[in-house]
Amino acid sequence: MEIKYIKEHTLKPNEIERYGRQLITPDIGVSGQMSLCNASVLIVGAGGLGCPVALYLSSAGVGTLGLVDYDTVEISNLHRQIGHRESSKGISKAVSLAKTISELNSLVKINTYETTFTSDTAMEIIKDYDIVVDASDNVATRYLVNDACVLTGKPLVSGSALKWEGQVTVYNYNNGPCYRCIFPTPPPVETVTKCSDGGVLGPIVGVIGSLQALETIKILTNNKEGVLSGRLLIYDGMSAVFRTVRIRGRQSGCNVCGDKPTVTQLIDYTQFCRSDYSESAG
Amino acid sequence: MEIKYIKEHTLKPNEIERYGRQLITPDIGVSGQMSLCNASVLIVGAGGLGCPVALYLSSAGVGTLGLVDYDTVEISNLHRQIGHRESSKGISKAVSLAKTISELNSLVKINTYETTFTSDTAMEIIKDYDIVVDASDNVATRYLVNDACVLTGKPLVSGSALKWEGQVTVYNYNNGPCYRCIFPTPPPVETVTKCSDGGVLGPIVGVIGSLQALETIKILTNNKEGVLSGRLLIYDGMSAVFRTVRIRGRQSGCNVCGDKPTVTQLIDYTQFCRSDYSESAG
Amino acid sequence: MKVKIELSGGLELLFDKKKVHEIEFADKNEIPLKDLILYMRDNLLKERSELFVVDDTVRPGILVLINDADWELFGGISYNVEDKDTIIFISTLHGG
Amino acid sequence: MKVKIELSGGLELLFDKKKVHEIEFADKNEIPLKDLILYMRDNLLKERSELFVVDDTVRPGILVLINDADWELFGGISYNVEDKDTIIFISTLHGG
Ligand SMILES: [Zn+2]
Ligand SMILES: [Zn+2]
């Protein structure tokens, strides 16, 4: 690397070598790389979205990654979950994904949580992280992750996918809205289609997970203006059309992030949503 | 799987198990999965774009994948090239990526070409494939891949990326334009920025490579209307904005795909573009 | 007046699998959004209206966009739809 | 007349790193695209004009879009730019 990139920093020579092509990117720079190396990100879900998120955040050099997933790898996951392998069949998804990313970047510290993210486990896990990525696959977990982020003051990078479509936005960032601001009431159970019922394509979660990784990097490197807060990205893979739309800001009447919140600690989200913290296997 | 999905097909039980969540996706179905399993795709470049393309096409069950790359894995690649590992340092990128995807899906047949894709090697390699994915990193290769696809009548799924931006389109498909229809003259050498000079972020190639994999799947499953032919997708990762724009159709005056082509066999593209078939390492 | 309606996130399955619907109201210059939603329920919906409308508005989990922006920025259900508006109904996704 | 100009693919680096430029021509209703490009070269370009214009048109490797469609669909360099048009100049990328 040229000398102009390496004055006054705390990056080690092996980090300069590894991240050189990244830290010369405009608006990253040495200071951005140092922020990434010092950051910690919790990824809730080690499935279709969690795999590309973990692969790209580990390769970018995020210092500490936490991976939460109660589930184990099945062969039927592998058409879209590219961070696992056939040889991991039957073992924990969090452990399987951790193994893959540690072989990609051994400089990253990885914490695995082979547990369901619930009202009982969430706060203890989340407290050690700067940012949370929602890569889960069900409604109850999405409300839980949101409320835990609001209660602990952490930005939430949210992605979701089904069939040929995906959606991405950032909640609870820079005084922007939270998930409940947009969706105060859970959807009727009968309107929710699971990936195990509707199917989903690997490249769709690949696009959405990569976008989640990029938003996380933008937040960590303080590229505030570009962050997808107060905007929702909608992707239709079949027609190859993306739309970035403006959504409402933080709602003063929101039950969790509003001026007079009624939700001041985690509740029972399976009851609130009338559904489980898990999809059926898929 | 329910019985309605498994009547009259040639998929084996282990394929049904593995691809079940994919083949229930609308507009894929059993017939789409059979098309994928019987297809062959050549990926030119096993770097930033080639990694997600190969990971998602292998996991989706494309029957035969060809990987072309003359280069070897370096640690400075790993911030964005998620299909390689630290332990592959110094070995061929084509072989390294083949190892990763074979551990993800052992049902896929993989051919590796540890060579530079040139006027001398291209036709012999390309002839065995249905579709070509351009995941290369330089101008000369892009003209070469285009002309080889036109001369052999194969669709070309093209992606490119630099810094925070990316572009995707499909050439030579369904009577649509080829690369030369849009760019008849190579750019002046001094206007071309390489990833090794300008930098590039992992999630950017993740998004673009995933999009290339999806276009390939759409072509193979005969979802013609949605294919990005005659349209160009432009992505600005910093502002999180995508644009899908209409581009010109096939040009009757095009030197290679036009009515009176002057290019009827491969030429010397390093001379034509006044640049090499390789970036410097990065 | 003409209105363009787009459906995504699986909502199109309720509307004959068509993602885009163009509607013309020959006798009107504007129409309350609530009336448009009830019109869609009564004329375009092919099945199970409770998956689209509950209590005379869209059911929870559907985001409504008026010309590419959240309807809450325009008064929500009390907005008056004008000629050439595009109204998008998106069912939020939860999978991953 | 007002014209919106957008630059991408690195071209913005030649134009003071600004991706969007709004230009007003108070005395005109339309302007030939060629004149607009030369105006940009002479008034907006901060450095090395040969990276943008060669032989009085954009250099090879730049794609020009008129209101989100390829300029070749509108006659290319001979198009007349109208009030409120958006002209996008994209440098094609080659990396990966
Ligand atoms: Zn809120
Ligand atoms: Zn052509």
# chains A, B, ... in the order shown; residues from 1 in each chain; ligands from 1

$ interface_residues --of "chain B" --to "chain D" --cutoff "8 Å" --atoms "only C-alpha atoms" --output "VMD selection string"
chain B and resid 47 to 49 135 to 139 142 159 to 162 165 to 167 182 to 188 190 to 195 205 244 to 248

$ write_last_selection --atoms "N, CA and C atoms" --output "mmCIF file, in the first residue's frame"
data_model
loop_
_atom_site.group_PDB
_atom_site.id
_atom_site.type_symbol
_atom_site.label_atom_id
_atom_site.label_comp_id
_atom_site.auth_asym_id
_atom_site.auth_seq_id
_atom_site.Cartn_x
_atom_site.Cartn_y
_atom_site.Cartn_z
ATOM 1 N N GLY B 47 -13.363 -14.791 -8.967
ATOM 2 C CA GLY B 47 -13.031 -13.755 -8.001
ATOM 3 C C GLY B 47 -14.260 -13.239 -7.271
ATOM 4 N N GLY B 48 -14.319 -11.910 -7.124
ATOM 5 C CA GLY B 48 -15.381 -11.295 -6.333
ATOM 6 C C GLY B 48 -16.776 -11.620 -6.826
ATOM 7 N N LEU B 49 -16.992 -11.569 -8.135
ATOM 8 C CA LEU B 49 -18.302 -11.918 -8.695
ATOM 9 C C LEU B 49 -18.461 -13.419 -8.841
ATOM 10 N N ALA B 135 -17.851 -12.937 -15.160
ATOM 11 C CA ALA B 135 -17.484 -12.481 -13.815
ATOM 12 C C ALA B 135 -16.019 -12.064 -13.841
ATOM 13 N N SER B 136 -15.596 -11.540 -14.995
ATOM 14 C CA SER B 136 -14.196 -11.160 -15.164
ATOM 15 C C SER B 136 -13.955 -9.760 -14.619
ATOM 16 N N ASP B 137 -12.749 -9.266 -14.757
ATOM 17 C CA ASP B 137 -12.400 -7.997 -14.115
ATOM 18 C C ASP B 137 -11.659 -7.042 -15.043
ATOM 19 N N ASN B 138 -11.795 -7.241 -16.370
ATOM 20 C CA ASN B 138 -11.051 -6.341 -17.262
ATOM 21 C C ASN B 138 -11.744 -6.224 -18.617
ATOM 22 N N VAL B 139 -11.417 -5.145 -19.321
ATOM 23 C CA VAL B 139 -12.100 -4.808 -20.564
ATOM 24 C C VAL B 139 -11.851 -5.843 -21.662
ATOM 25 N N ARG B 142 -13.892 -8.884 -21.358
ATOM 26 C CA ARG B 142 -15.320 -8.643 -21.585
ATOM 27 C C ARG B 142 -15.658 -8.650 -23.088
ATOM 28 N N GLY B 159 -21.936 -9.092 -15.350
ATOM 29 C CA GLY B 159 -21.954 -8.251 -14.153
ATOM 30 C C GLY B 159 -20.615 -7.579 -13.977
ATOM 31 N N SER B 160 -20.621 -6.394 -13.367
ATOM 32 C CA SER B 160 -19.369 -5.700 -13.094
ATOM 33 C C SER B 160 -19.551 -4.841 -11.852
ATOM 34 N N ALA B 161 -18.436 -4.522 -11.206
ATOM 35 C CA ALA B 161 -18.509 -3.789 -9.950
ATOM 36 C C ALA B 161 -17.233 -3.012 -9.717
ATOM 37 N N LEU B 162 -17.357 -1.902 -9.010
ATOM 38 C CA LEU B 162 -16.202 -1.099 -8.614
ATOM 39 C C LEU B 162 -16.637 -0.195 -7.470
ATOM 40 N N GLU B 165 -20.345 0.604 -6.466
ATOM 41 C CA GLU B 165 -21.320 0.516 -7.560
ATOM 42 C C GLU B 165 -21.261 -0.803 -8.314
ATOM 43 N N GLY B 166 -22.352 -1.148 -8.968
ATOM 44 C CA GLY B 166 -22.376 -2.343 -9.794
ATOM 45 C C GLY B 166 -23.371 -2.228 -10.933
ATOM 46 N N GLN B 167 -23.195 -3.076 -11.948
ATOM 47 C CA GLN B 167 -24.063 -3.089 -13.138
ATOM 48 C C GLN B 167 -24.302 -4.533 -13.565
ATOM 49 N N ILE B 182 -23.887 -2.138 -27.564
ATOM 50 C CA ILE B 182 -23.946 -1.012 -26.627
ATOM 51 C C ILE B 182 -22.619 -0.253 -26.616
ATOM 52 N N PHE B 183 -21.517 -0.996 -26.649
ATOM 53 C CA PHE B 183 -20.186 -0.386 -26.571
ATOM 54 C C PHE B 183 -19.340 -0.830 -27.752
ATOM 55 N N PRO B 184 -19.581 -0.249 -28.940
ATOM 56 C CA PRO B 184 -18.858 -0.683 -30.147
ATOM 57 C C PRO B 184 -17.355 -0.430 -30.058
ATOM 58 N N THR B 185 -16.953 0.601 -29.316
ATOM 59 C CA THR B 185 -15.539 0.971 -29.225
ATOM 60 C C THR B 185 -15.061 0.825 -27.782
ATOM 61 N N PRO B 186 -13.906 0.189 -27.571
ATOM 62 C CA PRO B 186 -13.393 0.072 -26.195
ATOM 63 C C PRO B 186 -13.101 1.441 -25.602
ATOM 64 N N PRO B 187 -13.217 1.558 -24.294
ATOM 65 C CA PRO B 187 -12.932 2.850 -23.656
ATOM 66 C C PRO B 187 -11.434 3.148 -23.713
ATOM 67 N N PRO B 188 -11.072 4.448 -23.738
ATOM 68 C CA PRO B 188 -9.652 4.803 -23.650
ATOM 69 C C PRO B 188 -9.052 4.184 -22.384
ATOM 70 N N GLU B 190 -6.945 5.065 -20.270
ATOM 71 C CA GLU B 190 -6.770 5.900 -19.076
ATOM 72 C C GLU B 190 -8.081 6.163 -18.335
ATOM 73 N N THR B 191 -9.216 5.747 -18.908
ATOM 74 C CA THR B 191 -10.495 5.949 -18.217
ATOM 75 C C THR B 191 -10.927 4.720 -17.421
ATOM 76 N N VAL B 192 -10.168 3.641 -17.499
ATOM 77 C CA VAL B 192 -10.578 2.393 -16.855
ATOM 78 C C VAL B 192 -9.935 2.267 -15.475
ATOM 79 N N THR B 193 -10.770 2.232 -14.447
ATOM 80 C CA THR B 193 -10.268 2.058 -13.085
ATOM 81 C C THR B 193 -10.374 0.590 -12.688
ATOM 82 N N LYS B 194 -9.293 0.037 -12.150
ATOM 83 C CA LYS B 194 -9.300 -1.351 -11.712
ATOM 84 C C LYS B 194 -9.683 -1.438 -10.240
ATOM 85 N N CYS B 195 -10.208 -2.613 -9.840
ATOM 86 C CA CYS B 195 -10.536 -2.818 -8.432
ATOM 87 C C CYS B 195 -9.302 -2.674 -7.560
ATOM 88 N N VAL B 205 -20.034 -6.830 -4.695
ATOM 89 C CA VAL B 205 -19.942 -8.000 -5.588
ATOM 90 C C VAL B 205 -20.902 -9.092 -5.148
ATOM 91 N N THR B 244 -33.411 0.331 -13.038
ATOM 92 C CA THR B 244 -33.431 -0.590 -14.172
ATOM 93 C C THR B 244 -33.809 0.229 -15.392
ATOM 94 N N VAL B 245 -32.862 0.390 -16.340
ATOM 95 C CA VAL B 245 -33.108 1.286 -17.467
ATOM 96 C C VAL B 245 -33.167 0.506 -18.781
ATOM 97 N N ARG B 246 -33.900 1.068 -19.734
ATOM 98 C CA ARG B 246 -34.069 0.463 -21.036
ATOM 99 C C ARG B 246 -32.866 0.804 -21.910
ATOM 100 N N ILE B 247 -32.231 -0.192 -22.503
ATOM 101 C CA ILE B 247 -31.134 0.083 -23.433
ATOM 102 C C ILE B 247 -31.522 -0.370 -24.841
ATOM 103 N N ARG B 248 -30.726 0.036 -25.812
ATOM 104 C CA ARG B 248 -31.023 -0.262 -27.219
ATOM 105 C C ARG B 248 -31.106 -1.775 -27.469
#

$ residues_around --residues "segment 87-97 of chain B" --least-positions-apart "6" --cutoff "9 Å" --atoms "only C-alpha atoms" --output "list in words"
Glu103 and Leu104 of chain A; Gly45, Ala46, Gly47, Gly50, Cys51, Ala54, Leu55, Gly66, Leu67, Val68, Asp69, Tyr70, Asp71, Thr72, Val73, Glu74, Ile75, Asn111, Thr112, Tyr113 and Glu114 of chain B

$ residues_near_ligand --ligand "ligand 1" --cutoff "12 Å" --atoms "only C-alpha atoms and all ligand atoms" --output "MDAnalysis selection string"
chainID A and resid 143 146:151 153 156 171:173 175:185 230 248:263

$ select_by_dssp --residues "segment 38-197 of chain B" --states "helix (DSSP H, G or I)" --output "PyMOL selection string"
chain B and resi 50-60+75-77+86-88+93-104+122-126+139-152+179-182+189-191+195-197

$ write_last_selection --atoms "C-alpha atoms" --output "compact mmCIF listing (two decimals), in the first residue's frame"
# COMPACT_ATOMS: atom_id res chain seq x y z
CA GLY B 50 -17.49 -15.52 -9.55
CA CYS B 51 -17.66 -16.64 -5.91
CA PRO B 52 -21.33 -15.79 -5.23
CA VAL B 53 -22.32 -16.84 -8.77
CA ALA B 54 -20.72 -20.27 -8.30
CA LEU B 55 -22.03 -20.71 -4.76
CA TYR B 56 -25.63 -19.93 -5.71
CA LEU B 57 -25.64 -21.83 -9.01
CA SER B 58 -24.11 -24.93 -7.42
CA SER B 59 -26.47 -24.85 -4.46
CA ALA B 60 -29.43 -24.42 -6.85
CA ILE B 75 -5.02 -13.05 1.33
CA SER B 76 -5.86 -9.64 -0.16
CA ASN B 77 -8.67 -11.31 -2.16
CA GLU B 86 -7.08 -18.82 3.99
CA SER B 87 -5.80 -22.36 3.52
CA SER B 88 -6.12 -21.95 -0.28
CA LYS B 93 -8.73 -19.81 -7.73
CA ALA B 94 -10.65 -22.16 -10.00
CA VAL B 95 -9.57 -25.17 -7.92
CA SER B 96 -10.14 -23.40 -4.60
CA LEU B 97 -13.67 -22.36 -5.55
CA ALA B 98 -14.41 -25.82 -6.95
CA LYS B 99 -13.44 -27.36 -3.60
CA THR B 100 -15.79 -25.05 -1.70
CA ILE B 101 -18.80 -25.65 -3.93
CA SER B 102 -18.25 -29.41 -4.05
CA GLU B 103 -18.52 -29.45 -0.24
CA LEU B 104 -21.76 -27.50 -0.54
CA ALA B 122 -12.06 -19.58 -25.38
CA MET B 123 -13.83 -21.52 -28.14
CA GLU B 124 -12.64 -24.90 -26.97
CA ILE B 125 -13.79 -24.19 -23.39
CA ILE B 126 -17.10 -22.50 -24.21
CA VAL B 139 -12.10 -4.81 -20.56
CA ALA B 140 -10.27 -7.18 -22.93
CA THR B 141 -11.89 -10.26 -21.41
CA ARG B 142 -15.32 -8.64 -21.58
CA TYR B 143 -15.04 -8.11 -25.37
CA LEU B 144 -13.60 -11.60 -25.79
CA VAL B 145 -16.37 -13.29 -23.80
CA ASN B 146 -18.97 -11.31 -25.72
CA ASP B 147 -17.65 -12.23 -29.14
CA ALA B 148 -17.23 -15.88 -28.18
CA CYS B 149 -20.85 -15.98 -26.98
CA VAL B 150 -22.14 -14.35 -30.17
CA LEU B 151 -20.09 -16.65 -32.41
CA THR B 152 -21.37 -19.75 -30.55
CA TYR B 179 -21.97 -6.00 -25.50
CA ARG B 180 -20.65 -4.51 -28.74
CA CYS B 181 -24.10 -3.23 -29.70
CA ILE B 182 -23.95 -1.01 -26.63
CA VAL B 189 -7.22 2.94 -21.40
CA GLU B 190 -6.77 5.90 -19.08
CA THR B 191 -10.49 5.95 -18.22
CA CYS B 195 -10.54 -2.82 -8.43
CA SER B 196 -6.92 -2.96 -7.34
CA ASP B 197 -6.71 0.82 -7.75

$ interface_residues --of "chain B" --to "chain A" --cutoff "7 Å" --atoms "only C-alpha atoms" --output "PyMOL selection string"
chain B and resi 17-22+24-25+55-56+59-60+75-76+78-80+82+84-86+103-105+163+196+198-203+206-207+210-211+213-214+226+228+238-242+244+282

$ select_by_dssp --residues "segment 31-64 of chain C" --states "strand (DSSP E)" --output "list in words"
Ile31, Pro32, Val53, Val54, Thr57, Val58, Ile62, Leu63 and Val64 of chain C

$ write_last_selection --atoms "N, CA, C and O atoms" --output "mmCIF file, in the first residue's frame"
data_model
loop_
_atom_site.group_PDB
_atom_site.id
_atom_site.type_symbol
_atom_site.label_atom_id
_atom_site.label_comp_id
_atom_site.auth_asym_id
_atom_site.auth_seq_id
_atom_site.Cartn_x
_atom_site.Cartn_y
_atom_site.Cartn_z
ATOM 1 N N ILE C 31 -61.189 10.048 -5.535
ATOM 2 C CA ILE C 31 -61.950 9.039 -4.804
ATOM 3 C C ILE C 31 -61.230 8.789 -3.475
ATOM 4 O O ILE C 31 -60.004 8.680 -3.445
ATOM 5 N N PRO C 32 -61.981 8.754 -2.359
ATOM 6 C CA PRO C 32 -61.328 8.462 -1.078
ATOM 7 C C PRO C 32 -60.617 7.102 -1.143
ATOM 8 O O PRO C 32 -61.160 6.147 -1.712
ATOM 9 N N VAL C 53 -58.734 -6.985 3.585
ATOM 10 C CA VAL C 53 -59.431 -5.930 4.329
ATOM 11 C C VAL C 53 -59.940 -6.462 5.672
ATOM 12 O O VAL C 53 -60.536 -7.530 5.736
ATOM 13 N N VAL C 54 -59.654 -5.702 6.741
ATOM 14 C CA VAL C 54 -60.208 -5.993 8.063
ATOM 15 C C VAL C 54 -60.682 -4.662 8.636
ATOM 16 O O VAL C 54 -59.945 -3.668 8.602
ATOM 17 N N THR C 57 -60.354 -1.325 6.510
ATOM 18 C CA THR C 57 -59.057 -0.819 6.065
ATOM 19 C C THR C 57 -58.179 -2.040 5.752
ATOM 20 O O THR C 57 -58.605 -3.167 5.935
ATOM 21 N N VAL C 58 -56.958 -1.795 5.229
ATOM 22 C CA VAL C 58 -56.122 -2.955 4.931
ATOM 23 C C VAL C 58 -55.726 -3.636 6.236
ATOM 24 O O VAL C 58 -55.548 -2.990 7.262
ATOM 25 N N ILE C 62 -49.868 -5.066 5.951
ATOM 26 C CA ILE C 62 -49.832 -4.503 4.589
ATOM 27 C C ILE C 62 -49.394 -3.047 4.678
ATOM 28 O O ILE C 62 -49.932 -2.274 5.463
ATOM 29 N N LEU C 63 -48.400 -2.711 3.885
ATOM 30 C CA LEU C 63 -47.927 -1.335 3.800
ATOM 31 C C LEU C 63 -48.514 -0.733 2.518
ATOM 32 O O LEU C 63 -48.458 -1.359 1.463
ATOM 33 N N VAL C 64 -49.067 0.466 2.618
ATOM 34 C CA VAL C 64 -49.653 1.121 1.453
ATOM 35 C C VAL C 64 -48.764 2.297 1.044
ATOM 36 O O VAL C 64 -48.371 3.105 1.890
#

$ atom_distance --atom1 "atom CA of Glu24 of chain D" --atom2 "atom CA of Val3 of chain D"
6.3 Å

$ residues_around --residues "Met40 of chain D" --least-positions-apart "3" --cutoff "12 Å" --atoms "only C-alpha atoms" --output "PDB file with N, CA, C and O atoms, in the first residue's frame"
ATOM      1  N   VAL D   3     -32.670  21.405 -16.522  1.00  0.00           N
ATOM      2  CA  VAL D   3     -32.218  20.060 -16.857  1.00  0.00           C
ATOM      3  C   VAL D   3     -31.555  19.462 -15.627  1.00  0.00           C
ATOM      4  O   VAL D   3     -30.806  20.141 -14.922  1.00  0.00           O
ATOM      5  N   LYS D   4     -31.864  18.200 -15.380  1.00  0.00           N
ATOM      6  CA  LYS D   4     -31.201  17.491 -14.278  1.00  0.00           C
ATOM      7  C   LYS D   4     -30.166  16.555 -14.882  1.00  0.00           C
ATOM      8  O   LYS D   4     -30.485  15.775 -15.784  1.00  0.00           O
ATOM      9  N   ILE D   5     -28.936  16.671 -14.394  1.00  0.00           N
ATOM     10  CA  ILE D   5     -27.863  15.818 -14.889  1.00  0.00           C
ATOM     11  C   ILE D   5     -27.386  14.908 -13.772  1.00  0.00           C
ATOM     12  O   ILE D   5     -27.151  15.369 -12.653  1.00  0.00           O
ATOM     13  N   GLU D   6     -27.294  13.611 -14.051  1.00  0.00           N
ATOM     14  CA  GLU D   6     -26.761  12.687 -13.057  1.00  0.00           C
ATOM     15  C   GLU D   6     -25.542  11.978 -13.627  1.00  0.00           C
ATOM     16  O   GLU D   6     -25.482  11.670 -14.816  1.00  0.00           O
ATOM     17  N   LEU D   7     -24.580  11.710 -12.744  1.00  0.00           N
ATOM     18  CA  LEU D   7     -23.329  11.074 -13.159  1.00  0.00           C
ATOM     19  C   LEU D   7     -23.090   9.851 -12.306  1.00  0.00           C
ATOM     20  O   LEU D   7     -23.266   9.891 -11.090  1.00  0.00           O
ATOM     21  N   LEU D  14     -15.039  13.572 -12.050  1.00  0.00           N
ATOM     22  CA  LEU D  14     -14.609  14.658 -12.941  1.00  0.00           C
ATOM     23  C   LEU D  14     -15.395  15.938 -12.687  1.00  0.00           C
ATOM     24  O   LEU D  14     -15.003  17.019 -13.096  1.00  0.00           O
ATOM     25  N   PHE D  15     -16.568  15.769 -12.030  1.00  0.00           N
ATOM     26  CA  PHE D  15     -17.470  16.900 -11.840  1.00  0.00           C
ATOM     27  C   PHE D  15     -17.579  17.252 -10.354  1.00  0.00           C
ATOM     28  O   PHE D  15     -18.677  17.233  -9.784  1.00  0.00           O
ATOM     29  N   HIS D  21     -26.432  17.328 -10.797  1.00  0.00           N
ATOM     30  CA  HIS D  21     -26.292  18.751 -11.124  1.00  0.00           C
ATOM     31  C   HIS D  21     -27.611  19.237 -11.730  1.00  0.00           C
ATOM     32  O   HIS D  21     -28.154  18.583 -12.617  1.00  0.00           O
ATOM     33  N   GLU D  22     -28.103  20.352 -11.246  1.00  0.00           N
ATOM     34  CA  GLU D  22     -29.297  20.956 -11.852  1.00  0.00           C
ATOM     35  C   GLU D  22     -28.846  22.197 -12.606  1.00  0.00           C
ATOM     36  O   GLU D  22     -28.167  23.053 -12.055  1.00  0.00           O
ATOM     37  N   ILE D  23     -29.218  22.264 -13.880  1.00  0.00           N
ATOM     38  CA  ILE D  23     -28.813  23.415 -14.690  1.00  0.00           C
ATOM     39  C   ILE D  23     -30.051  24.123 -15.215  1.00  0.00           C
ATOM     40  O   ILE D  23     -31.018  23.482 -15.624  1.00  0.00           O
ATOM     41  N   LEU D  33     -28.557  18.169 -27.400  1.00  0.00           N
ATOM     42  CA  LEU D  33     -27.789  17.399 -26.423  1.00  0.00           C
ATOM     43  C   LEU D  33     -26.293  17.641 -26.612  1.00  0.00           C
ATOM     44  O   LEU D  33     -25.539  17.732 -25.643  1.00  0.00           O
ATOM     45  N   LYS D  34     -25.888  17.785 -27.881  1.00  0.00           N
ATOM     46  CA  LYS D  34     -24.472  18.048 -28.139  1.00  0.00           C
ATOM     47  C   LYS D  34     -24.020  19.344 -27.461  1.00  0.00           C
ATOM     48  O   LYS D  34     -22.952  19.402 -26.851  1.00  0.00           O
ATOM     49  N   ASP D  35     -24.862  20.380 -27.521  1.00  0.00           N
ATOM     50  CA  ASP D  35     -24.509  21.644 -26.885  1.00  0.00           C
ATOM     51  C   ASP D  35     -24.462  21.499 -25.367  1.00  0.00           C
ATOM     52  O   ASP D  35     -23.631  22.123 -24.702  1.00  0.00           O
ATOM     53  N   LEU D  36     -25.370  20.683 -24.825  1.00  0.00           N
ATOM     54  CA  LEU D  36     -25.371  20.464 -23.378  1.00  0.00           C
ATOM     55  C   LEU D  36     -24.074  19.784 -22.942  1.00  0.00           C
ATOM     56  O   LEU D  36     -23.461  20.156 -21.929  1.00  0.00           O
ATOM     57  N   ILE D  37     -23.656  18.795 -23.720  1.00  0.00           N
ATOM     58  CA  ILE D  37     -22.415  18.076 -23.386  1.00  0.00           C
ATOM     59  C   ILE D  37     -21.210  19.018 -23.453  1.00  0.00           C
ATOM     60  O   ILE D  37     -20.348  19.010 -22.567  1.00  0.00           O
ATOM     61  N   ASN D  43     -18.045  24.185 -18.621  1.00  0.00           N
ATOM     62  CA  ASN D  43     -18.457  24.906 -17.414  1.00  0.00           C
ATOM     63  C   ASN D  43     -18.462  24.074 -16.134  1.00  0.00           C
ATOM     64  O   ASN D  43     -18.296  24.618 -15.050  1.00  0.00           O
ATOM     65  N   LEU D  44     -18.687  22.797 -16.252  1.00  0.00           N
ATOM     66  CA  LEU D  44     -18.809  21.973 -15.037  1.00  0.00           C
ATOM     67  C   LEU D  44     -17.585  21.117 -14.775  1.00  0.00           C
ATOM     68  O   LEU D  44     -17.305  20.751 -13.641  1.00  0.00           O
ATOM     69  N   LEU D  45     -16.886  20.763 -15.842  1.00  0.00           N
ATOM     70  CA  LEU D  45     -15.783  19.816 -15.715  1.00  0.00           C
ATOM     71  C   LEU D  45     -14.620  20.462 -14.968  1.00  0.00           C
ATOM     72  O   LEU D  45     -14.215  21.570 -15.275  1.00  0.00           O
ATOM     73  N   LYS D  46     -14.117  19.748 -13.994  1.00  0.00           N
ATOM     74  CA  LYS D  46     -13.046  20.307 -13.177  1.00  0.00           C
ATOM     75  C   LYS D  46     -11.664  19.944 -13.715  1.00  0.00           C
ATOM     76  O   LYS D  46     -10.690  20.587 -13.388  1.00  0.00           O
ATOM     77  N   GLU D  47     -11.581  18.879 -14.478  1.00  0.00           N
ATOM     78  CA  GLU D  47     -10.256  18.440 -14.930  1.00  0.00           C
ATOM     79  C   GLU D  47     -10.364  17.552 -16.161  1.00  0.00           C
ATOM     80  O   GLU D  47     -11.407  17.022 -16.463  1.00  0.00           O
ATOM     81  N   SER D  49     -10.718  17.052 -19.650  1.00  0.00           N
ATOM     82  CA  SER D  49     -11.952  16.924 -20.413  1.00  0.00           C
ATOM     83  C   SER D  49     -11.951  15.712 -21.338  1.00  0.00           C
ATOM     84  O   SER D  49     -13.006  15.201 -21.700  1.00  0.00           O
ATOM     85  N   PHE D  52     -14.076  12.768 -20.677  1.00  0.00           N
ATOM     86  CA  PHE D  52     -15.528  12.886 -20.839  1.00  0.00           C
ATOM     87  C   PHE D  52     -15.918  13.075 -22.305  1.00  0.00           C
ATOM     88  O   PHE D  52     -16.818  12.402 -22.806  1.00  0.00           O
ATOM     89  N   VAL D  53     -15.258  13.975 -22.983  1.00  0.00           N
ATOM     90  CA  VAL D  53     -15.602  14.287 -24.369  1.00  0.00           C
ATOM     91  C   VAL D  53     -14.436  13.960 -25.312  1.00  0.00           C
ATOM     92  O   VAL D  53     -13.294  14.334 -25.037  1.00  0.00           O
ATOM     93  N   ASP D  56     -16.151  15.809 -29.883  1.00  0.00           N
ATOM     94  CA  ASP D  56     -17.444  16.495 -29.695  1.00  0.00           C
ATOM     95  C   ASP D  56     -18.606  15.577 -29.314  1.00  0.00           C
ATOM     96  O   ASP D  56     -19.783  15.938 -29.506  1.00  0.00           O
ATOM     97  N   THR D  57     -18.314  14.404 -28.784  1.00  0.00           N
ATOM     98  CA  THR D  57     -19.376  13.576 -28.188  1.00  0.00           C
ATOM     99  C   THR D  57     -18.778  12.878 -26.970  1.00  0.00           C
ATOM    100  O   THR D  57     -17.588  13.039 -26.693  1.00  0.00           O
ATOM    101  N   VAL D  58     -19.604  12.149 -26.216  1.00  0.00           N
ATOM    102  CA  VAL D  58     -19.035  11.481 -25.042  1.00  0.00           C
ATOM    103  C   VAL D  58     -18.075  10.389 -25.516  1.00  0.00           C
ATOM    104  O   VAL D  58     -18.265   9.781 -26.564  1.00  0.00           O
ATOM    105  N   ILE D  87     -30.890  13.777 -17.733  1.00  0.00           N
ATOM    106  CA  ILE D  87     -29.875  13.143 -18.569  1.00  0.00           C
ATOM    107  C   ILE D  87     -28.853  12.484 -17.639  1.00  0.00           C
ATOM    108  O   ILE D  87     -28.292  13.141 -16.759  1.00  0.00           O
ATOM    109  N   PHE D  89     -25.346  10.229 -17.272  1.00  0.00           N
ATOM    110  CA  PHE D  89     -24.108   9.770 -17.911  1.00  0.00           C
ATOM    111  C   PHE D  89     -23.496   8.696 -17.019  1.00  0.00           C
ATOM    112  O   PHE D  89     -23.161   8.960 -15.860  1.00  0.00           O
TER     113      PHE D  89
END
